[in-house]
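K.L.:
Before we start, here is the structure in question, set down as structure tokens.
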Amino acid sequence: GLCWSADEKKLYLVDTGKQQVSVFDFDAAQGSISDEKILIQVPADQGQPDGLTISKDGRFLLLAHNFGNGVFVYDAA
């Protein structure tokens, strides 16, 4: 899964195989990403990270965990 911040300056990307969510700087005009940072590392016992969305106010990421039976909320900063 992936999603963008409301101002389109950040791109959030789920990598299920690595059990993590990365955040990138995003340039909408160029359609480019840069400066990857690992934002969330999901422990294996919490399932696999999959679907992702961001709250309307841009403060929280909502991340579905396959086999973890839930949607987890994380700080988007």
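Chain lettering (A, B, ...) mirrors the order of the structure tokens, residue numbering begins at 1 for each chain separately, and ligand numbering begins at 1 in order of display.
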Name the residues in contact with A:Thr53 at a cut-off of 7 Å, using only C-alpha atoms, excluding same-chain residues fewer than 2 positions from it; report them as a PyMOL selection string.
P.N.:
chain A and resi 3+55+61-63
K.L.:
I want to know what sits within 7 Å of stretch 15-27 of chain A, based on only C-alpha atoms, with residues of the same chain fewer than 2 positions away left out; could you give that as a PDB file with C-alpha atoms, in the first residue's frame?
P.N.:
ATOM      1  CA  GLU A   8       1.642  15.907  -1.305  1.00  0.00           C
ATOM      2  CA  LYS A   9       5.130  16.451   0.101  1.00  0.00           C
ATOM      3  CA  LYS A  10       5.459  12.993   1.685  1.00  0.00           C
ATOM      4  CA  LEU A  11       4.865   9.540   0.205  1.00  0.00           C
ATOM      5  CA  TYR A  12       4.314   6.598   2.542  1.00  0.00           C
ATOM      6  CA  LEU A  13       5.028   3.104   1.205  1.00  0.00           C
ATOM      7  CA  ALA A  29       5.866  18.580 -10.052  1.00  0.00           C
ATOM      8  CA  GLN A  30       8.685  16.196 -10.962  1.00  0.00           C
ATOM      9  CA  GLY A  31       6.918  13.004  -9.861  1.00  0.00           C
ATOM     10  CA  SER A  32      10.058  12.029  -7.958  1.00  0.00           C
ATOM     11  CA  ILE A  33      10.834  10.618  -4.521  1.00  0.00           C
ATOM     12  CA  SER A  34      13.948  11.019  -2.382  1.00  0.00           C
ATOM     13  CA  ASP A  35      15.335  10.721   1.140  1.00  0.00           C
ATOM     14  CA  GLU A  36      13.833   7.378   2.234  1.00  0.00           C
ATOM     15  CA  LYS A  37      13.389   6.895   5.973  1.00  0.00           C
ATOM     16  CA  ILE A  38      12.067   3.796   7.720  1.00  0.00           C
ATOM     17  CA  LEU A  39       9.103   5.082   9.710  1.00  0.00           C
ATOM     18  CA  ILE A  40       7.616   1.843  11.056  1.00  0.00           C
ATOM     19  CA  GLN A  41       9.152  -1.598  11.578  1.00  0.00           C
ATOM     20  CA  VAL A  42       6.360  -4.106  12.261  1.00  0.00           C
ATOM     21  CA  GLN A  48       2.310  -8.443   7.890  1.00  0.00           C
ATOM     22  CA  PRO A  49       1.821  -4.740   7.070  1.00  0.00           C
ATOM     23  CA  ASP A  50      -0.425  -4.276   4.053  1.00  0.00           C
TER      24      ASP A  50
END
K.L.:
Just how far from atom CA of A:Ala77 is atom CA of A:Phe60, in Å to one decimal?
P.N.:
8.1 Å
K.L.:
What does the distance between atom CA of A:Phe72 and atom CA of A:Asp57 come to in Å, to one decimal place?
P.N.:
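Spanning atom CA of A:Phe72 to atom CA of A:Asp57 is a straight-line distance of 16.8 Å.
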K.L.:
DSSP on the backbone: which residues in chain A end up as strand (DSSP E or B)? Give the answer as a PyMOL selection string.
P.N.:
chain A and resi 2-4+10-15+20-27+32-41+48-54+60-66+70-75
K.L.:
Which residue is closest to A:Gly58? Choose from A:Val71, A:Ala44, A:Ala76, A:Val14 and count only C-alpha atoms.
P.N.:
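With only C-alpha atoms as the atom set, the closest residue is A:Ala76.
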K.L.:
For atom CA of A:Gly47 and atom CA of A:Phe67, determine how far apart the two atoms are, in Å to one decimal place.
P.N.:
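Distance between the two atoms: 4.8 Å.
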K.L.:
Identify, on the basis of only C-alpha atoms, every residue whose closest approach to A:Asn69 does not exceed 9 Å; exclude the query and any residue fewer than 3 positions from it along the same chain; express the result as a list in words.
P.N.:
Gln46, Gly47, Ala64, His65 and Asn66 of chain A
K.L.:
Any chance you could export the current selection's N, CA and C atoms as a compact mmCIF listing (two decimals), in the first residue's frame?
P.N.:
# COMPACT_ATOMS: atom_id res chain seq x y z
N GLN A 46 3.06 -9.38 14.96
CA GLN A 46 1.90 -8.52 14.77
C GLN A 46 1.31 -8.64 13.37
N GLY A 47 1.75 -9.62 12.61
CA GLY A 47 1.24 -9.82 11.26
C GLY A 47 2.04 -9.03 10.24
N ALA A 64 -3.14 -1.63 8.03
CA ALA A 64 -3.73 -2.96 8.21
C ALA A 64 -2.61 -3.98 8.33
N HIS A 65 -2.77 -4.93 9.27
CA HIS A 65 -1.80 -6.01 9.45
C HIS A 65 -2.49 -7.32 9.08
N ASN A 66 -2.06 -7.93 7.97
CA ASN A 66 -2.56 -9.27 7.62
C ASN A 66 -2.12 -10.24 8.70
